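target-v1.cif (mmCIF, C-alpha atoms) appears below.
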```cif
data_start
loop_
_atom_site.label_atom_id
_atom_site.label_comp_id
_atom_site.auth_asym_id
_atom_site.auth_seq_id
_atom_site.Cartn_x
_atom_site.Cartn_y
_atom_site.Cartn_z
CA MET Z 1 27.56 26.30 -84.56
CA ALA Z 2 28.11 27.98 -87.89
CA ASN Z 3 26.67 31.34 -88.77
CA THR Z 4 24.02 30.83 -91.39
CA TYR Z 5 22.62 34.08 -92.84
CA GLN Z 6 25.00 34.48 -95.76
CA ALA Z 7 25.01 36.96 -98.60
CA ILE Z 8 24.90 35.19 -101.96
CA ALA Z 9 24.84 38.20 -104.29
CA SER Z 10 23.88 41.87 -104.50
CA GLN Z 11 22.87 44.12 -107.36
CA VAL Z 12 22.82 47.92 -107.15
CA LEU Z 13 21.54 49.70 -110.25
CA SER Z 14 23.71 52.45 -111.69
CA SER Z 15 21.16 52.98 -114.49
CA SER Z 16 17.51 52.03 -114.90
CA ALA Z 17 16.73 48.41 -115.75
CA SER Z 18 13.50 46.68 -116.78
CA SER Z 19 14.45 43.63 -114.73
CA ILE Z 20 17.20 42.03 -112.69
CA THR Z 21 18.02 38.34 -112.28
CA PHE Z 22 19.86 36.30 -109.70
CA SER Z 23 20.94 33.18 -111.58
CA SER Z 24 22.93 30.04 -110.74
CA ILE Z 25 21.66 30.16 -107.14
CA PRO Z 26 23.52 27.38 -105.30
CA GLY Z 27 21.47 24.60 -103.74
CA THR Z 28 23.53 24.53 -100.57
CA TYR Z 29 21.17 26.51 -98.33
CA THR Z 30 17.84 25.66 -96.70
CA ASP Z 31 15.96 28.92 -97.30
CA LEU Z 32 16.41 32.06 -99.41
CA VAL Z 33 15.77 35.67 -98.40
CA LEU Z 34 15.68 38.46 -100.96
CA LYS Z 35 15.72 42.02 -99.64
CA ALA Z 36 15.20 44.94 -102.00
CA SER Z 37 15.12 48.70 -101.72
CA VAL Z 38 13.41 49.59 -104.95
CA ARG Z 39 11.82 52.40 -106.93
CA SER Z 40 10.46 52.67 -110.47
CA ALA Z 41 11.63 55.17 -113.09
CA TYR Z 42 8.10 55.18 -114.55
CA ALA Z 43 6.86 58.76 -114.19
CA SER Z 44 3.07 58.59 -114.11
CA ARG Z 45 2.18 56.40 -111.15
CA SER Z 46 2.74 56.39 -107.39
CA SER Z 47 3.38 52.65 -107.23
CA ASN Z 48 3.91 49.77 -109.62
CA PRO Z 49 3.32 46.01 -109.40
CA LEU Z 50 6.49 44.01 -108.76
CA ILE Z 51 6.70 41.07 -111.18
CA ILE Z 52 8.57 38.00 -109.93
CA THR Z 53 9.31 34.73 -111.74
CA PHE Z 54 11.44 31.72 -110.83
CA ASN Z 55 13.68 29.64 -113.10
CA GLY Z 56 12.65 31.76 -116.12
CA LEU Z 57 9.25 30.04 -116.18
CA THR Z 58 6.23 31.98 -117.47
CA THR Z 59 3.60 29.25 -117.48
CA THR Z 60 0.52 29.42 -115.24
CA ILE Z 61 2.19 28.06 -112.09
CA TYR Z 62 2.07 31.18 -109.90
CA SER Z 63 -0.68 31.94 -107.39
CA ASP Z 64 -0.99 34.14 -104.32
CA THR Z 65 -3.28 35.28 -101.51
CA ASP Z 66 -2.81 38.94 -100.62
CA LEU Z 67 -3.46 41.27 -97.69
CA TYR Z 68 -2.92 45.01 -98.01
CA ALA Z 69 -3.96 48.36 -96.57
CA ASN Z 70 -3.71 52.01 -97.57
CA GLY Z 71 -4.06 53.73 -94.21
CA LEU Z 72 -7.85 53.87 -94.51
CA THR Z 73 -9.02 50.36 -95.32
CA ALA Z 74 -7.64 46.82 -95.42
CA SER Z 75 -8.34 44.43 -98.28
CA SER Z 76 -7.59 40.90 -99.37
CA ALA Z 77 -7.37 39.49 -102.89
CA ARG Z 78 -6.19 36.45 -104.79
CA GLU Z 79 -4.45 35.54 -108.05
CA SER Z 80 -4.68 31.99 -109.40
CA ALA Z 81 -2.86 30.23 -112.26
CA GLN Z 82 -0.83 33.29 -113.29
CA THR Z 83 2.26 33.51 -115.52
CA SER Z 84 4.13 35.43 -112.79
CA PHE Z 85 3.58 36.85 -109.35
CA SER Z 86 1.83 40.25 -109.76
CA ALA Z 87 0.68 39.37 -113.28
CA SER Z 88 -2.64 40.98 -112.34
CA SER Z 89 -1.27 43.09 -109.47
CA ASN Z 90 -1.89 42.70 -105.71
CA TYR Z 91 1.08 40.41 -104.88
CA ALA Z 92 3.57 43.22 -104.24
CA ALA Z 93 4.07 46.87 -105.15
CA PHE Z 94 6.78 49.52 -104.88
CA ASP Z 95 7.29 53.26 -105.20
CA ALA Z 96 7.14 54.86 -108.65
CA GLY Z 97 7.63 58.29 -110.21
CA THR Z 98 5.07 60.36 -108.32
CA SER Z 99 6.21 59.05 -104.94
CA ALA Z 100 8.30 61.41 -102.85
CA THR Z 101 11.73 61.99 -104.31
CA SER Z 102 14.46 59.68 -103.04
CA THR Z 103 11.96 57.22 -101.57
CA PHE Z 104 12.63 53.53 -102.17
CA SER Z 105 10.25 50.78 -101.08
CA PRO Z 106 11.48 48.02 -98.79
CA VAL Z 107 10.58 44.55 -100.01
CA GLU Z 108 11.41 41.21 -98.39
CA LEU Z 109 10.78 37.84 -100.05
CA TYR Z 110 11.24 34.67 -97.95
CA ILE Z 111 11.40 31.26 -99.65
CA PRO Z 112 11.74 28.24 -97.33
CA ASN Z 113 12.97 24.86 -98.59
CA TYR Z 114 13.69 26.26 -102.06
CA THR Z 115 15.36 23.01 -103.25
CA ALA Z 116 12.59 20.68 -102.03
CA SER Z 117 10.90 18.39 -104.54
CA ALA Z 118 7.53 19.92 -103.70
CA ASN Z 119 5.63 23.05 -104.65
CA LYS Z 120 7.35 26.14 -103.20
CA PRO Z 121 5.50 28.62 -100.96
CA ASN Z 122 6.84 32.07 -100.25
CA LEU Z 123 6.01 35.09 -98.11
CA ILE Z 124 6.55 38.63 -99.37
CA THR Z 125 6.16 41.92 -97.46
CA TRP Z 126 6.32 45.43 -98.92
CA ASN Z 127 5.34 49.05 -98.37
CA THR Z 128 5.19 52.35 -100.21
CA GLU Z 129 5.10 54.79 -97.31
CA ASN Z 130 6.29 58.29 -98.18
CA ASN Z 131 4.52 60.87 -96.01
CA SER Z 132 1.28 61.17 -97.97
CA SER Z 133 -2.32 60.54 -96.93
CA THR Z 134 -3.38 58.99 -100.23
CA ALA Z 135 -2.38 56.38 -102.77
CA PHE Z 136 0.20 54.56 -100.70
CA GLY Z 137 0.15 51.42 -98.64
CA LEU Z 138 1.64 48.26 -97.27
CA GLY Z 139 0.98 44.60 -97.74
CA MET Z 140 2.00 41.01 -97.51
CA SER Z 141 1.24 38.00 -99.66
CA ALA Z 142 1.35 34.23 -99.50
CA GLY Z 143 2.77 33.02 -102.80
CA LEU Z 144 2.86 29.53 -104.28
CA PHE Z 145 5.21 28.44 -107.08
CA SER Z 146 3.66 25.18 -108.29
CA SER Z 147 6.83 23.50 -109.42
CA THR Z 148 8.79 20.63 -107.92
CA SER Z 149 12.06 21.89 -109.43
CA ALA Z 150 14.62 23.57 -107.20
CA ILE Z 151 14.69 27.33 -107.56
CA THR Z 152 17.93 28.26 -109.31
CA SER Z 153 17.09 31.74 -110.55
CA ILE Z 154 14.89 34.65 -109.46
CA THR Z 155 13.87 37.48 -111.79
CA LEU Z 156 12.26 40.71 -110.59
CA ALA Z 157 10.73 43.09 -113.13
CA ASP Z 158 8.90 46.40 -113.15
CA PHE Z 159 5.38 46.17 -114.62
CA TYR Z 160 5.98 49.49 -116.45
CA SER Z 161 8.86 50.76 -118.61
CA PRO Z 162 11.56 51.97 -118.31
CA GLY Z 163 11.79 49.87 -115.15
CA PHE Z 164 13.66 50.04 -111.87
CA ALA Z 165 15.25 53.40 -111.06
CA THR Z 166 18.93 54.06 -110.56
CA GLY Z 167 19.90 53.34 -106.97
CA SER Z 168 17.53 50.40 -106.57
CA ARG Z 169 19.23 47.65 -104.59
CA PHE Z 170 18.64 43.88 -104.44
CA ASP Z 171 20.34 41.51 -101.96
CA LEU Z 172 20.01 37.73 -101.92
CA TYR Z 173 20.83 35.73 -98.79
CA GLY Z 174 21.00 32.01 -98.04
CA ILE Z 175 20.00 30.46 -94.72
CA THR Z 176 21.03 27.02 -93.53
CA HIS Z 177 19.58 25.14 -90.57
CA PHE Z 178 22.80 23.24 -89.72
CA MET K 1 24.43 48.19 -115.17
CA ALA K 2 24.74 46.58 -111.75
CA THR K 3 27.39 46.43 -109.07
CA THR K 4 27.68 42.97 -107.52
CA THR K 5 29.29 42.20 -104.17
CA THR K 6 29.41 39.13 -101.95
CA ASN K 7 29.73 39.18 -98.17
CA SER K 8 29.09 37.01 -95.11
CA ALA K 9 26.87 37.89 -92.16
CA ALA K 10 27.85 36.88 -88.64
CA THR K 11 24.95 36.83 -86.18
CA TYR K 12 22.23 34.44 -87.35
CA THR K 13 22.86 30.99 -85.92
CA PRO K 14 20.92 27.72 -86.25
CA ILE K 15 19.97 26.23 -82.87
CA ALA K 16 17.71 23.32 -83.82
CA TRP K 17 15.83 21.85 -86.76
CA THR K 18 13.13 19.19 -87.09
CA LEU K 19 11.84 17.24 -90.10
CA LEU K 20 8.80 15.10 -89.35
CA GLY K 21 9.12 11.58 -90.71
CA SER K 22 5.57 10.79 -89.66
CA ALA K 23 2.51 12.71 -88.47
CA ALA K 24 2.86 14.45 -85.10
CA SER K 25 0.44 16.38 -82.92
CA SER K 26 3.06 19.00 -81.99
CA ILE K 27 6.68 20.12 -82.39
CA THR K 28 8.69 21.28 -79.37
CA PHE K 29 12.05 23.00 -79.06
CA SER K 30 13.30 22.67 -75.48
CA SER K 31 16.43 23.70 -73.55
CA ILE K 32 16.77 26.81 -75.71
CA PRO K 33 20.10 28.45 -74.76
CA ALA K 34 20.16 32.03 -73.48
CA GLY K 35 23.14 33.28 -75.46
CA TYR K 36 21.30 35.29 -78.11
CA THR K 37 19.35 38.55 -78.29
CA ASP K 38 16.30 37.36 -80.25
CA LEU K 39 14.88 34.10 -81.57
CA ARG K 40 13.43 33.34 -84.99
CA ILE K 41 11.32 30.27 -85.75
CA VAL K 42 10.34 29.17 -89.26
CA VAL K 43 7.84 26.35 -89.81
CA SER K 44 6.83 24.85 -93.17
CA ALA K 45 3.62 23.17 -92.16
CA LEU K 46 1.72 20.38 -93.92
CA LEU K 47 -1.69 19.30 -92.63
CA SER K 48 -3.87 16.39 -93.69
CA SER K 49 -6.95 18.46 -92.82
CA GLY K 50 -7.51 22.18 -92.35
CA ASP K 51 -6.93 23.57 -88.87
CA GLY K 52 -5.85 26.53 -86.76
CA ILE K 53 -2.31 26.65 -85.37
CA TYR K 54 -1.38 27.46 -81.76
CA SER K 55 1.78 27.81 -79.71
CA LYS K 56 2.98 27.95 -76.13
CA PHE K 57 6.23 29.06 -74.53
CA ASN K 58 7.77 27.46 -71.44
CA GLY K 59 4.70 25.22 -71.17
CA LEU K 60 2.72 28.16 -69.77
CA SER K 61 -1.08 28.06 -69.91
CA SER K 62 -1.77 31.70 -69.13
CA GLY K 63 -0.50 35.18 -69.94
CA TYR K 64 -1.05 35.26 -73.70
CA SER K 65 -2.61 38.13 -75.66
CA SER K 66 -2.45 39.00 -79.35
CA ARG K 67 -3.85 41.14 -82.13
CA TYR K 68 -3.96 40.32 -85.83
CA ILE K 69 -4.90 41.32 -89.35
CA TYR K 70 -6.11 38.53 -91.61
CA GLY K 71 -7.05 38.05 -95.26
CA ASN K 72 -8.68 35.11 -97.04
CA GLY K 73 -8.41 36.32 -100.61
CA THR K 74 -11.71 38.18 -100.64
CA ALA K 75 -11.88 40.19 -97.41
CA ALA K 76 -9.63 41.47 -94.63
CA SER K 77 -10.41 41.53 -90.93
CA SER K 78 -8.79 42.28 -87.60
CA SER K 79 -9.40 41.06 -84.08
CA SER K 80 -7.64 40.44 -80.78
CA PHE K 81 -7.39 37.97 -77.91
CA GLN K 82 -6.76 38.73 -74.23
CA SER K 83 -5.75 36.46 -71.35
CA THR K 84 -5.71 33.29 -73.38
CA THR K 85 -4.06 29.95 -72.61
CA GLN K 86 -1.87 29.98 -75.75
CA PHE K 87 -1.11 32.05 -78.85
CA ALA K 88 -3.46 31.62 -81.81
CA LEU K 89 -0.82 31.79 -84.54
CA PHE K 90 -2.87 31.26 -87.65
CA ASN K 91 -6.63 31.11 -88.07
CA ASN K 92 -6.65 28.48 -90.77
CA ILE K 93 -4.19 26.31 -92.65
CA LEU K 94 -5.85 24.51 -95.52
CA THR K 95 -5.46 20.85 -96.24
CA GLY K 96 -2.36 20.20 -98.28
CA THR K 97 0.37 17.60 -98.08
CA SER K 98 2.37 18.99 -101.01
CA GLN K 99 1.92 22.75 -100.61
CA PRO K 100 3.32 23.90 -97.24
CA ALA K 101 2.09 26.87 -95.27
CA ILE K 102 4.78 29.17 -93.85
CA ILE K 103 4.67 30.23 -90.20
CA THR K 104 7.31 32.57 -88.78
CA LEU K 105 7.83 33.91 -85.25
CA ASP K 106 10.27 36.57 -84.11
CA VAL K 107 10.71 36.57 -80.33
CA PHE K 108 12.35 39.75 -79.07
CA GLN K 109 14.60 39.82 -75.96
CA TYR K 110 13.58 36.24 -75.15
CA ALA K 111 16.15 35.84 -72.37
CA ASN K 112 15.73 39.29 -70.75
CA THR K 113 14.19 38.68 -67.29
CA GLY K 114 13.30 42.36 -66.97
CA VAL K 115 10.66 42.47 -69.70
CA TYR K 116 7.50 40.74 -70.90
CA LYS K 117 8.03 38.97 -74.23
CA THR K 118 6.83 40.58 -77.45
CA ILE K 119 6.48 38.34 -80.48
CA LEU K 120 5.68 39.06 -84.13
CA PHE K 121 4.24 36.17 -86.05
CA SER K 122 2.96 35.57 -89.55
CA GLY K 123 1.12 32.80 -91.30
CA SER K 124 0.81 32.42 -95.07
CA ASP K 125 -0.83 29.69 -97.10
CA ASP K 126 -1.71 29.74 -100.81
CA LYS K 127 -3.18 26.74 -102.63
CA ASN K 128 -3.78 28.21 -106.12
CA GLY K 129 -7.38 29.30 -105.82
CA SER K 130 -7.67 29.37 -102.05
CA GLY K 131 -5.50 30.56 -99.20
CA ASP K 132 -5.07 32.70 -96.11
CA ILE K 133 -2.57 35.23 -94.82
CA GLN K 134 -2.19 36.69 -91.33
CA GLN K 135 0.14 39.01 -89.43
CA SER K 136 0.01 39.24 -85.63
CA VAL K 137 1.69 40.78 -82.65
CA GLY K 138 1.65 38.85 -79.40
CA LEU K 139 2.52 39.56 -75.79
CA LEU K 140 3.47 36.85 -73.31
CA SER K 141 3.16 38.41 -69.87
CA THR K 142 6.10 36.75 -68.19
CA THR K 143 9.53 38.02 -67.28
CA ALA K 144 10.98 34.52 -67.29
CA ALA K 145 13.49 33.70 -70.01
CA ILE K 146 12.04 31.65 -72.85
CA THR K 147 13.51 28.15 -72.72
CA SER K 148 10.98 26.10 -74.68
CA PHE K 149 8.52 26.49 -77.54
CA THR K 150 5.69 24.23 -78.72
CA ILE K 151 3.58 24.58 -81.86
CA SER K 152 0.53 22.45 -82.61
CA PRO K 153 -2.61 22.28 -84.73
CA ALA K 154 -5.84 22.69 -82.78
CA THR K 155 -7.32 19.26 -83.42
CA THR K 156 -5.36 17.48 -86.12
CA THR K 157 -1.68 16.66 -86.69
CA PHE K 158 1.24 17.99 -88.69
CA ALA K 159 1.86 15.70 -91.66
CA ALA K 160 5.15 14.03 -92.53
CA GLY K 161 7.45 16.45 -94.32
CA THR K 162 6.69 19.36 -92.00
CA THR K 163 9.88 21.20 -91.01
CA ALA K 164 10.64 23.58 -88.14
CA ALA K 165 13.82 25.60 -87.64
CA LEU K 166 14.96 27.62 -84.62
CA TYR K 167 17.57 30.36 -85.04
CA GLY K 168 19.32 32.65 -82.57
CA ILE K 169 20.04 36.25 -83.53
CA LYS K 170 22.78 38.07 -81.67
CA ALA K 171 22.93 41.85 -81.72
CA ALA K 172 26.52 42.15 -80.56
#
```
Translate the structure described by the file into structure tokens.
Amino acid sequence: MANTYQAIASQVLSSSASSITFSSIPGTYTDLVLKASVRSAYASRSSNPLIITFNGLTTTIYSDTDLYANGLTASSARESAQTSFSASSNYAAFDAGTSATSTFSPVELYIPNYTASANKPNLITWNTENNSSTAFGLGMSAGLFSSTSAITSITLADFYSPGFATGSRFDLYGITHF
Amino acid sequence: MATTTTNSAATYTPIAWTLLGSAASSITFSSIPAGYTDLRIVVSALLSSGDGIYSKFNGLSSGYSSRYIYGNGTAASSSSFQSTTQFALFNNILTGTSQPAIITLDVFQYANTGVYKTILFSGSDDKNGSGDIQQSVGLLSTTAAITSFTISPATTTFAAGTTAALYGIKAA
């Protein structure tokens, strides 16, 4: 059988950017996987919310159920009818300026059946571990994109300016079941 | 400024896929070949009524243990199971025939007859105002190679439109 975990596109930042977009995503796969190694250039926080939108849409069609921990306690939260994932935080976070130097957060976003004519669920995992006893954590979230349109573009943005730091990397893969 | 490259990976292979055309009480992958290092299973589950989700390997009814962390949008909790008759994959999938829940399983060294089988599984389900999310680690105390997998709701059925995919991952 054919191999099926195929790289669609990669972006590696050579200067800071407020957002990145994968556009014109082909509809020839079954599922999408986006892997990122990401850090913010914003200086005054240890971690920032990771904003994600699909198809350029910013209407209230994003919701998520979140589970996260900081090494001391575990918590769960929810966002409903939002204009993006992480519009009011909790969905996903990543290292920012006060995190240890040269530390980039791993993030993985899985989107099954991204061309289906149904609402699109997703699963995201992330962490901000960098050898500190405070202010850092890990988490995962169930996301729902309430749109029956196929996903053809994905935009990731930093909640705070100036945005993603130089060296941040984003890789998009397609998976097929045949 | 971004650098863009395009490549192809080589070790993630589809083995089987199922799309339910009508409601079914379970989904089974059988005769799983032994030619890979690990297995990955991805299920997009639709249920006509809320339920827990369970799974068995090789039809076994003993040897399962697991530990999980779970969140329902307001609180997080953790618990464990020992010596059970099947894996409890996901505490609760909510009713929804247009908003699938995602269930994933990664089965490590599934064909190695020298080790018990360790499995990571996740369940995620958001319905815009309600939802659940769970991450678990499971141990199946058998050295036999995994050759079949069954997933089922506790009391209800998977709805039409549910999909399940089985992939083989080869390390070398």
Selection in question (the file shown): the PyMOL selection byres ((chain K) within 9 of (chain Z)). Which residues does it include, as a VMD selection string? chain K and resid 1 to 17 42 to 44 69 to 77 98 to 102 123 to 135 163 165 to 167
Any chance you could export the current selection's C-alpha atoms as a compact mmCIF listing (two decimals), keeping the file's coordinate frame?
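Just written: again10.txt:
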```txt
# COMPACT_ATOMS: atom_id res chain seq x y z
CA MET K 1 24.43 48.19 -115.17
CA ALA K 2 24.74 46.58 -111.75
CA THR K 3 27.39 46.43 -109.07
CA THR K 4 27.68 42.97 -107.52
CA THR K 5 29.29 42.20 -104.17
CA THR K 6 29.41 39.13 -101.95
CA ASN K 7 29.73 39.18 -98.17
CA SER K 8 29.09 37.01 -95.11
CA ALA K 9 26.87 37.89 -92.16
CA ALA K 10 27.85 36.88 -88.64
CA THR K 11 24.95 36.83 -86.18
CA TYR K 12 22.23 34.44 -87.35
CA THR K 13 22.86 30.99 -85.92
CA PRO K 14 20.92 27.72 -86.25
CA ILE K 15 19.97 26.23 -82.87
CA ALA K 16 17.71 23.32 -83.82
CA TRP K 17 15.83 21.85 -86.76
CA VAL K 42 10.34 29.17 -89.26
CA VAL K 43 7.84 26.35 -89.81
CA SER K 44 6.83 24.85 -93.17
CA ILE K 69 -4.90 41.32 -89.35
CA TYR K 70 -6.11 38.53 -91.61
CA GLY K 71 -7.05 38.05 -95.26
CA ASN K 72 -8.68 35.11 -97.04
CA GLY K 73 -8.41 36.32 -100.61
CA THR K 74 -11.71 38.18 -100.64
CA ALA K 75 -11.88 40.19 -97.41
CA ALA K 76 -9.63 41.47 -94.63
CA SER K 77 -10.41 41.53 -90.93
CA SER K 98 2.37 18.99 -101.01
CA GLN K 99 1.92 22.75 -100.61
CA PRO K 100 3.32 23.90 -97.24
CA ALA K 101 2.09 26.87 -95.27
CA ILE K 102 4.78 29.17 -93.85
CA GLY K 123 1.12 32.80 -91.30
CA SER K 124 0.81 32.42 -95.07
CA ASP K 125 -0.83 29.69 -97.10
CA ASP K 126 -1.71 29.74 -100.81
CA LYS K 127 -3.18 26.74 -102.63
CA ASN K 128 -3.78 28.21 -106.12
CA GLY K 129 -7.38 29.30 -105.82
CA SER K 130 -7.67 29.37 -102.05
CA GLY K 131 -5.50 30.56 -99.20
CA ASP K 132 -5.07 32.70 -96.11
CA ILE K 133 -2.57 35.23 -94.82
CA GLN K 134 -2.19 36.69 -91.33
CA GLN K 135 0.14 39.01 -89.43
CA THR K 163 9.88 21.20 -91.01
CA ALA K 165 13.82 25.60 -87.64
CA LEU K 166 14.96 27.62 -84.62
CA TYR K 167 17.57 30.36 -85.04
```
Within-12 Å shell of (-3.5, 27.5, -67.5) in input frame, all atoms listed in the file, as an NGL selection string: :K and (56 or 58-64 or 83-86)
How about saving the chosen residues, C-alpha atoms kept, as a CSV table (one decimal), keeping the file's coordinate frame?
```csv
chain,number,residue,atom,x,y,z
K,56,LYS,CA,3.0,28.0,-76.1
K,58,ASN,CA,7.8,27.5,-71.4
K,59,GLY,CA,4.7,25.2,-71.2
K,60,LEU,CA,2.7,28.2,-69.8
K,61,SER,CA,-1.1,28.1,-69.9
K,62,SER,CA,-1.8,31.7,-69.1
K,63,GLY,CA,-0.5,35.2,-69.9
K,64,TYR,CA,-1.0,35.3,-73.7
K,83,SER,CA,-5.8,36.5,-71.4
K,84,THR,CA,-5.7,33.3,-73.4
K,85,THR,CA,-4.1,30.0,-72.6
K,86,GLN,CA,-1.9,30.0,-75.8
```
Listed atoms of region 57-61 of chain Z boxed axis-aligned with 5 Å per side, centre + edges as lines of an AutoDock Vina configuration file:
```
center_x = 4.9
center_y = 30.0
center_z = -114.8
size_x = 18.7
size_y = 13.9
size_z = 15.4
```
Enter the distance from CA of Phe57 (chain K) to CA of Thr28 (chain K), in Å, rounded to one decimal. 9.5 Å
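By chain and then residue number, the residues within 6 Å of Ser65 (chain K) are Phe81, Gln82, Ser83, Gly138 and Leu139 of chain K, counting all atoms listed in the file and disregarding those fewer than 6 positions away in sequence.
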Explicit residue set for the PyMOL selection byres ((chain K and resi 141) around 6), as JSON, numbers by chain: {"K": [63, 116, 140, 142]}
Let me see the file: selected residues, C-alpha atoms, as a PDB file, in the coordinates of the input.
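Wrote out-v3.pdb, looks like this:
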```
ATOM      1  CA  GLY K  63      -0.500  35.180 -69.940  1.00  0.00           C
ATOM      2  CA  TYR K 116       7.500  40.740 -70.900  1.00  0.00           C
ATOM      3  CA  LEU K 140       3.470  36.850 -73.310  1.00  0.00           C
ATOM      4  CA  THR K 142       6.100  36.750 -68.190  1.00  0.00           C
TER       5      THR K 142
END
```
Between CA of Ile119 (chain K) and CA of Leu20 (chain K), measure the distance and give it in Å to one decimal. 25.0 Å
Given the file shown, enumerate the residues that the PyMOL selection byres ((chain Z and resi 51) around 7) captures and present them as a compact mmCIF listing (two decimals) with C-alpha atoms, in the coordinates of the input.
```
# COMPACT_ATOMS: atom_id res chain seq x y z
CA PRO Z 49 3.32 46.01 -109.40
CA LEU Z 50 6.49 44.01 -108.76
CA ILE Z 52 8.57 38.00 -109.93
CA THR Z 53 9.31 34.73 -111.74
CA SER Z 84 4.13 35.43 -112.79
CA PHE Z 85 3.58 36.85 -109.35
CA SER Z 86 1.83 40.25 -109.76
CA ALA Z 87 0.68 39.37 -113.28
CA LEU Z 156 12.26 40.71 -110.59
CA ALA Z 157 10.73 43.09 -113.13
CA ASP Z 158 8.90 46.40 -113.15
CA PHE Z 159 5.38 46.17 -114.62
```
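The interatomic distance for the pair CA of Leu105 (chain K) and CA of Ile53 (chain K) works out to 12.5 Å.
With all atoms listed in the file taken into account, the protein and nucleic acid residues at most 8 Å from Ser152 (chain K) (excluding it and anything under 4 positions from it in its own chain) are Ser25, Ser26, Ile27, Ile53, Tyr54, Ser55, Thr157 and Phe158 of chain K.
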For region 131-133 of chain Z, find every residue with an atom within 10 Å (counting only C-alpha atoms), except residues of its own chain fewer than 4 positions away, and show them as a ChimeraX atom specification. /Z:70-72,99-100,103,137
Neighbour residues at most 9 Å from (-10.5, 29.2, -92.7) (all atoms listed in the file) as a ChimeraX atom specification: /K:50-52,72,91-94,131-132
Can you sort out region 113-124 of chain Z so it carries N, CA, C and O atoms, written as a PDB file, in the coordinates of the input?
```pdb
ATOM      1  N   ASN Z 113      12.833  26.170 -97.914  1.00  0.00           N
ATOM      2  CA  ASN Z 113      12.970  24.860 -98.590  1.00  0.00           C
ATOM      3  C   ASN Z 113      12.940  25.018-100.123  1.00  0.00           C
ATOM      4  O   ASN Z 113      12.198  24.307-100.806  1.00  0.00           O
ATOM      5  N   TYR Z 114      13.759  25.908-100.637  1.00  0.00           N
ATOM      6  CA  TYR Z 114      13.690  26.260-102.060  1.00  0.00           C
ATOM      7  C   TYR Z 114      14.223  25.159-102.985  1.00  0.00           C
ATOM      8  O   TYR Z 114      14.044  25.234-104.198  1.00  0.00           O
ATOM      9  N   THR Z 115      14.893  24.135-102.419  1.00  0.00           N
ATOM     10  CA  THR Z 115      15.360  23.010-103.250  1.00  0.00           C
ATOM     11  C   THR Z 115      14.484  21.779-103.088  1.00  0.00           C
ATOM     12  O   THR Z 115      14.767  20.745-103.691  1.00  0.00           O
ATOM     13  N   ALA Z 116      13.437  21.857-102.283  1.00  0.00           N
ATOM     14  CA  ALA Z 116      12.590  20.680-102.030  1.00  0.00           C
ATOM     15  C   ALA Z 116      11.879  20.233-103.292  1.00  0.00           C
ATOM     16  O   ALA Z 116      11.567  21.038-104.173  1.00  0.00           O
ATOM     17  N   SER Z 117      11.622  18.927-103.383  1.00  0.00           N
ATOM     18  CA  SER Z 117      10.900  18.390-104.540  1.00  0.00           C
ATOM     19  C   SER Z 117       9.400  18.459-104.279  1.00  0.00           C
ATOM     20  O   SER Z 117       8.683  17.459-104.338  1.00  0.00           O
ATOM     21  N   ALA Z 118       8.951  19.651-103.961  1.00  0.00           N
ATOM     22  CA  ALA Z 118       7.530  19.920-103.700  1.00  0.00           C
ATOM     23  C   ALA Z 118       7.244  21.324-104.201  1.00  0.00           C
ATOM     24  O   ALA Z 118       8.164  22.088-104.522  1.00  0.00           O
ATOM     25  N   ASN Z 119       5.962  21.677-104.284  1.00  0.00           N
ATOM     26  CA  ASN Z 119       5.630  23.050-104.650  1.00  0.00           C
ATOM     27  C   ASN Z 119       6.205  24.009-103.614  1.00  0.00           C
ATOM     28  O   ASN Z 119       6.283  23.686-102.432  1.00  0.00           O
ATOM     29  N   LYS Z 120       6.596  25.230-104.061  1.00  0.00           N
ATOM     30  CA  LYS Z 120       7.350  26.140-103.200  1.00  0.00           C
ATOM     31  C   LYS Z 120       6.490  27.328-102.754  1.00  0.00           C
ATOM     32  O   LYS Z 120       6.127  28.183-103.572  1.00  0.00           O
ATOM     33  N   PRO Z 121       6.173  27.433-101.463  1.00  0.00           N
ATOM     34  CA  PRO Z 121       5.500  28.620-100.960  1.00  0.00           C
ATOM     35  C   PRO Z 121       6.495  29.744-100.712  1.00  0.00           C
ATOM     36  O   PRO Z 121       7.706  29.507-100.595  1.00  0.00           O
ATOM     37  N   ASN Z 122       6.000  30.950-100.643  1.00  0.00           N
ATOM     38  CA  ASN Z 122       6.840  32.070-100.250  1.00  0.00           C
ATOM     39  C   ASN Z 122       5.990  33.101 -99.526  1.00  0.00           C
ATOM     40  O   ASN Z 122       4.758  33.073 -99.595  1.00  0.00           O
ATOM     41  N   LEU Z 123       6.670  33.996 -98.826  1.00  0.00           N
ATOM     42  CA  LEU Z 123       6.010  35.090 -98.110  1.00  0.00           C
ATOM     43  C   LEU Z 123       6.718  36.380 -98.494  1.00  0.00           C
ATOM     44  O   LEU Z 123       7.944  36.487 -98.356  1.00  0.00           O
ATOM     45  N   ILE Z 124       5.961  37.357 -98.992  1.00  0.00           N
ATOM     46  CA  ILE Z 124       6.550  38.630 -99.370  1.00  0.00           C
ATOM     47  C   ILE Z 124       5.887  39.760 -98.578  1.00  0.00           C
ATOM     48  O   ILE Z 124       4.669  39.707 -98.327  1.00  0.00           O
TER      49      ILE Z 124
END
```
